[in-house]
Amino acid sequence: MSAPPRPATAHATPSAERAAAEFTRRFGRAPLGVWSAPGRVNLIGEHTDYNDGFALPFAIDRRTWAAVAPREDRRIRVASTFAGDKSVELPLGLLDPARLAGWSAYPLGVAWAFGRLAARGGVDVCFDSSVPVGAGLSSSAAIEASIAIALNELWGTNLDRSALARIGRLAENEAVGAPTGIMDQTAALQGTAGAAVLLDARTLHTRAVPLGFAAAGLEVLVIDTRTAHAHAGGGYGARRASCERAAQVLGVPALRDVALARLEAAEALLDDETFRRARHVLTENARVLAAVTLLDAHGDPARSGDALARDMRAIGALLDASHASLRDDFEVSTPELDLAAESARAAGALGARMTGGGFGGAVIALVPTARNAAIAEAVTRAFAEAGYPRPQLFTVTPSAGARRER
Ligand code: GLA
């Protein structure tokens with residue numbers, strides 16, 4: 001079969017327009033609409049979500065767009081600019097999470113997770129994305145959230161964003177086979193411009209926490225180490241199992257329910273590794289709440305410039321402590337992530353930490369805007385000296401969550 005003709009207007013960069021143009025090129029008709037959802041970075045609160053704890057991610061200014069149109073039959077067809085010219089098509093009634101594979105397991109898993117009764121008609125979908133894949137910036141949750149809000153509207157299911165996040169997590173757990181928590185989907189769906197999302201993973205309650213970094217002359221630099229990370233791999237699941245074991249030995253539903261003093265008193269009941277895994281979760285929860293207290297105070301107009309600078313340095317110190325805990329207690333960092341965090345700090349970042357599940361992926365650094373370029377240069381140099389692949393560096397700003405674009 002020959003490749004479909006290229007669109008008359010070539011869109012060089014990913015966008016809602018390019019998603020729509022690609023939809024038309026591939027399917028020979030115009031989409032009804034385009035929906036989008038962002039990637040995320042997690043400011044702090046790593047490996048806490050599946051322990052019923054707290055996390056503070058924010059949606060970033062990199063998005064995935066889903067151009068969608070209903071079909072007359074009850075089939076679903078998905079295509080994307082990041083998976084060549086081939087599309088995947090299945091009857092809605094035959095979606096089986098155990099048999100989905102590859103990138104299409106994300107959107108098809110979401111359609112399945114809505115449940116058979118909700119699936120009120122077939123759809124064609126074409127995705128475009130500017131969220132880097134494999135960097136730990138939740139390109140998968142961006143796919144899930146963008147199609148979830150599209151289907152919610154087209155199928156008239158009227159689910160709220162917390163329910164849509166649960167649908168995304170179900171797809172990830174059952175169709176993709178990654179035993180993740182709900183943080184990424186929550187950030188993609190509940191993010192707002194200028195703010196992070198404080199997630200209580202037990203109640204799924206969220207609150208927007210304004211970051212105010214720009215006003216403080218700061219920004220968040222992402223250092224993508226371009227080293228592998230795969231959640232479906234064993235490391236993530238093994239960490240989760242350790243946490244569940246610790247909670248069981250301590251006789252609580254989740255590590256959320258344990259105070260640090262209690263864990264320390266029970267140290268003899270746990271092997272060293274399980275103890276350290278649990279200690280990370282408890283101290284990380286405390287760091288999230290400390291960061292939120294600092295950021296809330298930041299919003300107080302009566303606060304002096306000196307106090308704000310101190311607060312931001314304190315947030316930097318929390319990021320550093322989070323990284324150390326993930327490296328030493330939870331053991332999900334890598335030499336590349338450690339070097340990225342250390343070299344950013346040495347060059348003037350207020351703090352830096354790995355973000356996302358770990359085992360590769362990206363570091364975030366809180367940097368003075370005026371020093372951003374110098375810090376990026378220093379990190380790049382440190383990677384070259386260590387003989388590591390050249391990292392990809394870019395700044396992210398807290399952005400809006402999933403929405404209809406057109
Ligand atoms: C991945 C998972 C999240 C969360 C983080 C670690 O991003 O998808 O649910 O567990 O790792 O904080």
# chains A, B, ... in the order shown; residues from 1 in each chain; ligands from 1
call {"tool": "residues_near_ligand", "arguments": {"ligand": "ligand 1", "cutoff": "9 Å", "atoms": "only C-alpha atoms and all ligand atoms", "output": "JSON, numbers by chain"}}
result
{"A": [42, 44, 45, 46, 47, 48, 49, 50, 51, 55, 136, 137, 138, 140, 141, 169, 172, 178, 179, 180, 181, 182, 183, 184, 185, 231, 236, 240, 355, 356, 357, 358]}
call {"tool": "closest_atom_pairs", "arguments": {"of": "range 207-247 of chain A", "to": "range 334-351 of chain A", "cutoff": "8 Å", "atoms": "only C-alpha atoms", "output": "JSON lines"}}
result
{"residue": "A:Ile223", "atom": "CA", "partner": "A:Ala340", "partner_atom": "CA", "distance": 6.8}
{"residue": "A:Thr225", "atom": "CA", "partner": "A:Glu336", "partner_atom": "CA", "distance": 6.5}
{"residue": "A:Thr227", "atom": "CA", "partner": "A:Glu336", "partner_atom": "CA", "distance": 7.9}
call {"tool": "residues_around", "arguments": {"residues": "Glu22 in chain A", "least_positions_apart": "2", "cutoff": "8 Å", "atoms": "only C-alpha atoms", "output": "PyMOL selection string"}}
result
chain A and resi 7+18-20+24-26+81+126
call {"tool": "write_last_selection", "arguments": {"atoms": "C-alpha atoms", "output": "short mmCIF file (atom, residue, chain, number, x, y, z; two decimals), in the first residue's frame"}}
result
data_model
loop_
_atom_site.label_atom_id
_atom_site.label_comp_id
_atom_site.auth_asym_id
_atom_site.auth_seq_id
_atom_site.Cartn_x
_atom_site.Cartn_y
_atom_site.Cartn_z
CA PRO A 7 -0.86 17.41 3.86
CA ARG A 18 -0.93 19.28 13.12
CA ALA A 19 -2.99 16.62 14.92
CA ALA A 20 -6.06 17.73 12.93
CA THR A 24 -7.47 14.35 7.80
CA ARG A 25 -4.52 13.00 5.84
CA ARG A 26 -4.82 9.53 7.33
CA THR A 81 2.54 10.96 14.49
CA CYS A 126 -5.03 10.69 15.72
#
call {"tool": "closest_residue", "arguments": {"among": "A:Pro210, A:Gly39, A:Pro31, A:Gly217", "to": "Pro368 in chain A", "atoms": "only C-alpha atoms"}}
result
A:Gly217
call {"tool": "closest_atom_pairs", "arguments": {"of": "range 184-252 of chain A", "to": "range 306-323 of chain A", "cutoff": "10 Å", "atoms": "only C-alpha atoms", "output": "CSV"}}
result
residue,atom,partner,partner_atom,distance
A:Gly212,CA,A:Met312,CA,9.8
A:Phe213,CA,A:Met312,CA,8.5
A:Ala216,CA,A:Ala309,CA,7.5
A:Gly217,CA,A:Ala309,CA,9.7
A:Leu218,CA,A:Met312,CA,8.9
call {"tool": "residues_around", "arguments": {"residues": "Ser104 in chain A", "least_positions_apart": "3", "cutoff": "10 Å", "atoms": "only C-alpha atoms", "output": "PyMOL selection string"}}
result
chain A and resi 77-80+83+87-89+100-101+107-110+143+175-176
call {"tool": "write_last_selection", "arguments": {"atoms": "N, CA, C and O atoms", "output": "PDB file, in the first residue's frame"}}
result
ATOM      1  N   ARG A  77     -10.363   3.314  16.138  1.00  0.00           N
ATOM      2  CA  ARG A  77      -9.125   3.283  15.346  1.00  0.00           C
ATOM      3  C   ARG A  77      -8.211   4.385  15.871  1.00  0.00           C
ATOM      4  O   ARG A  77      -8.638   5.531  16.012  1.00  0.00           O
ATOM      5  N   VAL A  78      -6.966   4.025  16.190  1.00  0.00           N
ATOM      6  CA  VAL A  78      -6.026   5.028  16.711  1.00  0.00           C
ATOM      7  C   VAL A  78      -4.769   5.064  15.854  1.00  0.00           C
ATOM      8  O   VAL A  78      -4.268   4.030  15.412  1.00  0.00           O
ATOM      9  N   ALA A  79      -4.277   6.290  15.638  1.00  0.00           N
ATOM     10  CA  ALA A  79      -3.029   6.499  14.897  1.00  0.00           C
ATOM     11  C   ALA A  79      -2.278   7.617  15.599  1.00  0.00           C
ATOM     12  O   ALA A  79      -2.846   8.329  16.433  1.00  0.00           O
ATOM     13  N   SER A  80      -0.993   7.767  15.281  1.00  0.00           N
ATOM     14  CA  SER A  80      -0.249   8.859  15.909  1.00  0.00           C
ATOM     15  C   SER A  80       0.941   9.246  15.048  1.00  0.00           C
ATOM     16  O   SER A  80       1.439   8.435  14.261  1.00  0.00           O
ATOM     17  N   ALA A  83       4.159   7.039  15.772  1.00  0.00           N
ATOM     18  CA  ALA A  83       4.220   5.588  15.572  1.00  0.00           C
ATOM     19  C   ALA A  83       4.067   5.228  14.096  1.00  0.00           C
ATOM     20  O   ALA A  83       3.412   4.237  13.761  1.00  0.00           O
ATOM     21  N   SER A  87      -2.159   2.417  11.593  1.00  0.00           N
ATOM     22  CA  SER A  87      -3.123   2.641  12.674  1.00  0.00           C
ATOM     23  C   SER A  87      -3.535   1.277  13.241  1.00  0.00           C
ATOM     24  O   SER A  87      -3.303   0.240  12.625  1.00  0.00           O
ATOM     25  N   VAL A  88      -4.133   1.317  14.428  1.00  0.00           N
ATOM     26  CA  VAL A  88      -4.608   0.089  15.067  1.00  0.00           C
ATOM     27  C   VAL A  88      -6.119   0.214  15.197  1.00  0.00           C
ATOM     28  O   VAL A  88      -6.620   1.243  15.665  1.00  0.00           O
ATOM     29  N   GLU A  89      -6.842  -0.812  14.766  1.00  0.00           N
ATOM     30  CA  GLU A  89      -8.303  -0.726  14.771  1.00  0.00           C
ATOM     31  C   GLU A  89      -8.917  -1.982  15.368  1.00  0.00           C
ATOM     32  O   GLU A  89      -8.500  -3.096  15.037  1.00  0.00           O
ATOM     33  N   LEU A 100      -3.756  -6.014  24.644  1.00  0.00           N
ATOM     34  CA  LEU A 100      -3.311  -4.769  24.031  1.00  0.00           C
ATOM     35  C   LEU A 100      -1.804  -4.658  24.204  1.00  0.00           C
ATOM     36  O   LEU A 100      -1.253  -5.090  25.205  1.00  0.00           O
ATOM     37  N   ALA A 101      -1.134  -4.063  23.214  1.00  0.00           N
ATOM     38  CA  ALA A 101       0.328  -3.972  23.309  1.00  0.00           C
ATOM     39  C   ALA A 101       0.815  -2.735  22.567  1.00  0.00           C
ATOM     40  O   ALA A 101       0.096  -2.172  21.737  1.00  0.00           O
ATOM     41  N   PRO A 107      -4.255   4.490  24.648  1.00  0.00           N
ATOM     42  CA  PRO A 107      -5.597   4.979  24.316  1.00  0.00           C
ATOM     43  C   PRO A 107      -6.656   3.871  24.291  1.00  0.00           C
ATOM     44  O   PRO A 107      -7.786   4.080  24.745  1.00  0.00           O
ATOM     45  N   LEU A 108      -6.305   2.680  23.777  1.00  0.00           N
ATOM     46  CA  LEU A 108      -7.305   1.603  23.723  1.00  0.00           C
ATOM     47  C   LEU A 108      -7.632   1.132  25.139  1.00  0.00           C
ATOM     48  O   LEU A 108      -8.779   0.777  25.440  1.00  0.00           O
ATOM     49  N   GLY A 109      -6.621   1.157  26.016  1.00  0.00           N
ATOM     50  CA  GLY A 109      -6.849   0.807  27.426  1.00  0.00           C
ATOM     51  C   GLY A 109      -7.824   1.778  28.079  1.00  0.00           C
ATOM     52  O   GLY A 109      -8.673   1.387  28.882  1.00  0.00           O
ATOM     53  N   VAL A 110      -7.715   3.050  27.725  1.00  0.00           N
ATOM     54  CA  VAL A 110      -8.644   4.038  28.286  1.00  0.00           C
ATOM     55  C   VAL A 110     -10.062   3.756  27.796  1.00  0.00           C
ATOM     56  O   VAL A 110     -11.019   3.753  28.580  1.00  0.00           O
ATOM     57  N   ILE A 143      -1.314  10.977  26.907  1.00  0.00           N
ATOM     58  CA  ILE A 143      -2.164  10.269  25.941  1.00  0.00           C
ATOM     59  C   ILE A 143      -3.479   9.874  26.621  1.00  0.00           C
ATOM     60  O   ILE A 143      -4.574  10.116  26.105  1.00  0.00           O
ATOM     61  N   ALA A 175      -3.992  -2.489  31.073  1.00  0.00           N
ATOM     62  CA  ALA A 175      -3.714  -2.653  29.638  1.00  0.00           C
ATOM     63  C   ALA A 175      -2.221  -2.529  29.348  1.00  0.00           C
ATOM     64  O   ALA A 175      -1.680  -3.261  28.523  1.00  0.00           O
ATOM     65  N   VAL A 176      -1.552  -1.601  30.034  1.00  0.00           N
ATOM     66  CA  VAL A 176      -0.110  -1.434  29.811  1.00  0.00           C
ATOM     67  C   VAL A 176       0.668  -2.388  30.720  1.00  0.00           C
ATOM     68  O   VAL A 176       1.772  -2.809  30.392  1.00  0.00           O
TER      69      VAL A 176
END
call {"tool": "select_by_dssp", "arguments": {"residues": "range 116-180 of chain A", "states": "strand (DSSP E)", "output": "number ranges by chain"}}
result
A: 123-129
call {"tool": "closest_residue", "arguments": {"among": "A:Leu255, A:Ile149, A:Ala105, A:Ile167", "to": "Glu405 in chain A", "atoms": "only C-alpha atoms"}}
result
A:Ile149
call {"tool": "closest_atom_pairs", "arguments": {"of": "range 110-217 of chain A", "to": "range 387-396 of chain A", "cutoff": "12 Å", "atoms": "only C-alpha atoms", "output": "JSON lines"}}
result
{"residue": "A:Val131", "atom": "CA", "partner": "A:Val396", "partner_atom": "CA", "distance": 11.2}
{"residue": "A:Pro132", "atom": "CA", "partner": "A:Gln392", "partner_atom": "CA", "distance": 10.1}
{"residue": "A:Ala135", "atom": "CA", "partner": "A:Gln392", "partner_atom": "CA", "distance": 9.6}
{"residue": "A:Leu137", "atom": "CA", "partner": "A:Val396", "partner_atom": "CA", "distance": 10.8}
{"residue": "A:Ala193", "atom": "CA", "partner": "A:Val396", "partner_atom": "CA", "distance": 11.5}
{"residue": "A:Gly194", "atom": "CA", "partner": "A:Val396", "partner_atom": "CA", "distance": 10.9}
{"residue": "A:Phe213", "atom": "CA", "partner": "A:Val396", "partner_atom": "CA", "distance": 11.2}
{"residue": "A:Ala214", "atom": "CA", "partner": "A:Val396", "partner_atom": "CA", "distance": 11.2}
call {"tool": "closest_residue", "arguments": {"among": "A:Leu170, A:Ala208, A:Ala254, A:Leu269", "to": "Ala400 in chain A", "atoms": "only C-alpha atoms"}}
result
A:Ala208
call {"tool": "select_by_dssp", "arguments": {"residues": "range 257-390 of chain A", "states": "helix (DSSP H, G or I)", "output": "VMD selection string"}}
result
chain A and resid 257 260 to 265 267 to 269 272 to 298 305 to 328 335 to 346 369 to 386
call {"tool": "closest_residue", "arguments": {"among": "A:Ser333, A:Ser162, A:Ser242, A:Thr186", "to": "Ala59 in chain A", "atoms": "only C-alpha atoms"}}
result
A:Thr186
call {"tool": "atom_distance", "arguments": {"atom1": "CA of Gly360 in chain A", "atom2": "CA of Ala378 in chain A"}}
result
19.9 Å
call {"tool": "residues_around", "arguments": {"residues": "range 114-122 of chain A", "least_positions_apart": "6", "cutoff": "8 Å", "atoms": "only C-alpha atoms", "output": "ChimeraX atom specification"}}
result
/A:70-76,92-93,155,157,167
call {"tool": "closest_residue", "arguments": {"among": "A:Ala171, A:Ala374, A:Leu282, A:Ala362", "to": "Ala228 in chain A", "atoms": "only C-alpha atoms"}}
result
A:Ala362
call {"tool": "atom_distance", "arguments": {"atom1": "CA of Asp272 in chain A", "atom2": "CA of Leu43 in chain A"}}
result
27.9 Å
call {"tool": "residues_around", "arguments": {"residues": "Ser36 in chain A", "least_positions_apart": "4", "cutoff": "6 Å", "atoms": "only C-alpha atoms", "output": "ChimeraX atom specification"}}
result
/A:64-66,146,402-403
